[in-house]
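K.L.:
Supplied in structure tokens, the structure appears directly below.
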Amino acid sequence: MLRLPPEDRSSSPFTGYTRAHWEAAADALLAAVEPYATPDRALYHLPGDHVSHSGHLSDGLEGFARTLLLAALRRDETALGRYAEGLATGPGGVWPRIADRGQPLVEAASIALALRLTRPLLWDRLEQRVRERTAVWLEDALTAEPWPCNWVLFPVTVGGFLAEIGHRPDAARSAVDRGLGRVEDWYLGGGWYTDGDGRKFDHYNGWAMHLYPVLHAWLAGDTGLLDRYGGRLEAHLADYARLFGGDGAPLHQGRSLTYRFATAAPLWLGALTGRTPLAAGETRRLASGVLRYFLDRDAVDSRGLLTLGWHGPDETVLQSYSGPASPYWASKGFLGLLLPPDHEVWTARERPGPAERADAVIPVGGPNWLLQSTCSDGVVRLHNHGSEDVRYDPYYTRFAYSTVTRPLGSPPDNSVTVGGDPGRSDIVPLGTGEDWAASRHTVASGATVTSLVVADGAVEVRAHLVAGAEPGTEVRVTGWAPGKDERAELVPAHGLSDGPALSGVTGDGPTLFVALARLTAEPGPVPLADLVAVEVREGRDLTVRWATGRADGRFRFAPRENSVAALGDRAQDSTA
């Protein structure tokens with residue numbers, strides 16, 4: 001645990017955290033890593049046996065770069081002085097070169113951003129020879145080939161700094177233009193990017209795809225660019241704010257979860273640039289909620305170091321690129337410290353976040369998600385009908401994720417298994433409506449699964465039409481894997497029998513399977529059967545009747561087209 005100031009429940013009734021808590025957390029994190037710097041301070045080798053696939057030297061550079069960014073956001077001149085010593089030696093031969101698709105390209109962006117943010121405090125005070133060596137080391141980032149994903153923004157970040165200081169300005173501006181042009185191919189509208197080709201939606205939308213272009217535009221004073229990228233950020237934040245639970249937890253979905261409170265970065269970025277739909281008190285409540293959520297759950301060990309994991313150490317959330325200092329990407333979460341103490345984001349009283357205000361079911365068009373939250377328990381659920389990245393499963397292709405659960409490996413949660421095949425790839429989004437989302441995927445046998453979720457309160461109706469499977473093929477449906485404080489239910493409604501997992505078999509043609517599901521932390525919830533009823537006609541028409549008084553939902557599955565459409569009053573919502 002870090003030593004923090006006393007809570008202030010007057011200005012921060014939800015978290016107790018103020019700017020002083022953020023400052024104390026930053027100071028403690030910076031102090032904790034200092035003993036692990038090499039004598040020349042050019043590398044930070046954090047303890048432990050874990051080594052990333054980039055190797056020990058690159059991991060040491062990562063330790064320098066990511067903690068330097070924290071010092072820059074804290075604007076701590078004493079700490080920045082220590083990193084100045086590392087800059088005097090690192091670029092002169094200690095640091096690995098920036099090469100095509102190599103990890104040093106990532107870390108170069110953190111270094112360049114830190115130098116740009118603190119230019120009068122750090123860069124302008126360096127000796128000329130140190131500035132020259134650093135600029136020469138950074139310039140390789142202008143031409144190094146990035147992986148075709150958020151990495152294309154690392155040359156943008158380096159280029160923005162080098163152009164500002166007049167080092168190879170033409171090449172620097174070209175790198176900026178090239179990277180910004182590339183992300184245009186991945187912008188799907190409504191504030192959502194895919195992280196490279198395909199449909200990869202996760203926390204990188206906020207802490208990378210929006211962060212780097214908006215910061216570049218803001219630092220460059222380019223109002224045209226800021227209008228473009230800031231407008232996208234504002235649209236994104238309207239959805240993004242809904243991805244945090246009432247306990248402060250961000251959604252447990254996607255890769256690089258060990259970056260933890262980097263999830264606060266886009267919230268602060270909106271306030272920093274004035275491009276946010278959120279009230280100042282709501283911004284701070286969400287951001288401080290994230291910080292407190294992790295600090296209360298052993299994200300920091302007894303030495304004051306961020307661990308490789310989610311709460312405490314946990315290798316299941318790591319990737320091969322994760323090194324000992326990787327968690328310090330969380331430094332981005334301290335972006336709010338760039339705002340002065342008298343800014344309204346620090347002085348306004350905290351306001352509740354979306355998950356605390358009212359129950360909500362919200363469609364998100366870009367990723368083809370349906371967000372479902374309940375204020376009685378603060379749980380946020382994401383129904384995934386459009387995001388996938390099989391390289392990092394189980395964190396992308398499950399049908400649902402939440403702020404209180406984590407995906408299981410075997411048996412897989414929130415899945416449909418057809419003939420023993422739980423795979424879900426080549427997901428085709430079939431649209432969203434007021435309270436529903438739908439998609440289609442094909443399993444290895446060639447059978448197609450057309451899926452629909454309809455939600456109200458904490459209740460879900462999940463329907464899957466399996467077509468092209470041999471008659472008698474077993475279909476198994478799983479639901480939520482709850483934590484110790486939650487309750488999960490999965491009840492057969494059509495075509496399925498009860499058991500350890502719901503199961504049924506396909507008929508001579510396309511076969512529809514329907515289940516009722518619920519994930520809740522509310523004590524003594526009303527039985528599912530008292531809240532919703534379903535009716536299936538002709539094996540393809542589904543009617544959902546809500547006891548809450550919400551309008552009935554009528555949906556038609558079209559086996560020939562492998563699609564599903566909303567009927568009646570909901571027809572205008574259908575994009576299937």
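All residue names refer to the structure tokens as shown: chains lettered A, B, ... in order, residues numbered from 1 in each chain, ligands numbered from 1 in order.
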For Thr405 in chain A, find every residue with an atom within 8 Å (counting only C-alpha atoms), except residues of its own chain fewer than 5 positions away, and show them as a PyMOL selection string.
P.N.:
chain A and resi 252+480-483
K.L.:
Can you list every residue of range 351-399 of chain A that has an atom at most 7 Å from range 426-429 of chain A, with its nearest atom pair and the distance in Å to one decimal, using only C-alpha atoms, ordered by chain then number, as a tab-separated table?
P.N.:
```
residue	atom	partner	partner_atom	distance
A:Asn368	CA	A:Pro429	CA	6.2
A:His385	CA	A:Pro429	CA	5.9
A:Gly386	CA	A:Pro429	CA	5.0
```
K.L.:
Set the distance at 10 Å and use only C-alpha atoms: which residues neighbour range 546-549 of chain A once local chain neighbours fewer than 4 positions away are removed? I'd like the list as number ranges by chain.
P.N.:
A: 455-457, 459, 529-534, 553
K.L.:
Name the closest residue to Pro324 in chain A among the candidates A:Leu382, A:Ala28, A:Ala241, A:Val51; distances are taken between atoms, counting only C-alpha atoms.
P.N.:
A:Val51
K.L.:
Give me, as a count of residues only, all polymer residues having an atom no more than 7 Å from range 357-366 of chain A, counting only C-alpha atoms and skipping those fewer than 4 positions away in the same chain.
P.N.:
19
K.L.:
When you count only C-alpha atoms, which of these residues is closest to Leu452 in chain A: A:Gly468, A:Ala551, A:Ser563, A:Arg116?
P.N.:
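Between A:Gly468, A:Ala551, A:Ser563, A:Arg116, the residue approaching Leu452 in chain A most closely is A:Ser563.
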K.L.:
Find the distance between CA of Ala264 in chain A and CA of Pro148 in chain A and write it in Å to one decimal.
P.N.:
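About the pair CA of Ala264 in chain A and CA of Pro148 in chain A: they are 24.8 Å apart.
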K.L.:
Enumerate as a VMD selection string all residues of range 421-568 of chain A assigned to helix (DSSP H, G or I) by DSSP on the backbone, naming them with the chain letters and numbers the document uses.
P.N.:
chain A and resid 528 to 530 568
K.L.:
For Pro277 in chain A, find every residue with an atom within 10 Å (counting only C-alpha atoms), except residues of its own chain fewer than 5 positions away, and show them as a list in words.
P.N.:
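The filter keeps Leu233, Glu234, Ala235, His236, Leu237, Ala238, Ala241, Gly270, Ala271, Glu282 and Thr283 of chain A.
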K.L.:
Interatomic distance between CA of Ala217 in chain A and CA of Pro104 in chain A?
P.N.:
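Interatomic distance, CA of Ala217 in chain A to CA of Pro104 in chain A: 23.6 Å.
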K.L.:
Using only C-alpha atoms, which of A:Tyr395, A:Phe334, A:Tyr229, A:Trp123 sits nearest Lys200 in chain A?
P.N.:
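Of the candidates, the smallest distance to Lys200 in chain A is held by A:Tyr395.
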K.L.:
Name all residues at most 8 Å from Glu85 in chain A (count only C-alpha atoms; drop same-chain ones fewer than 6 positions away) and give them as a ChimeraX atom specification.
P.N.:
/A:40-42
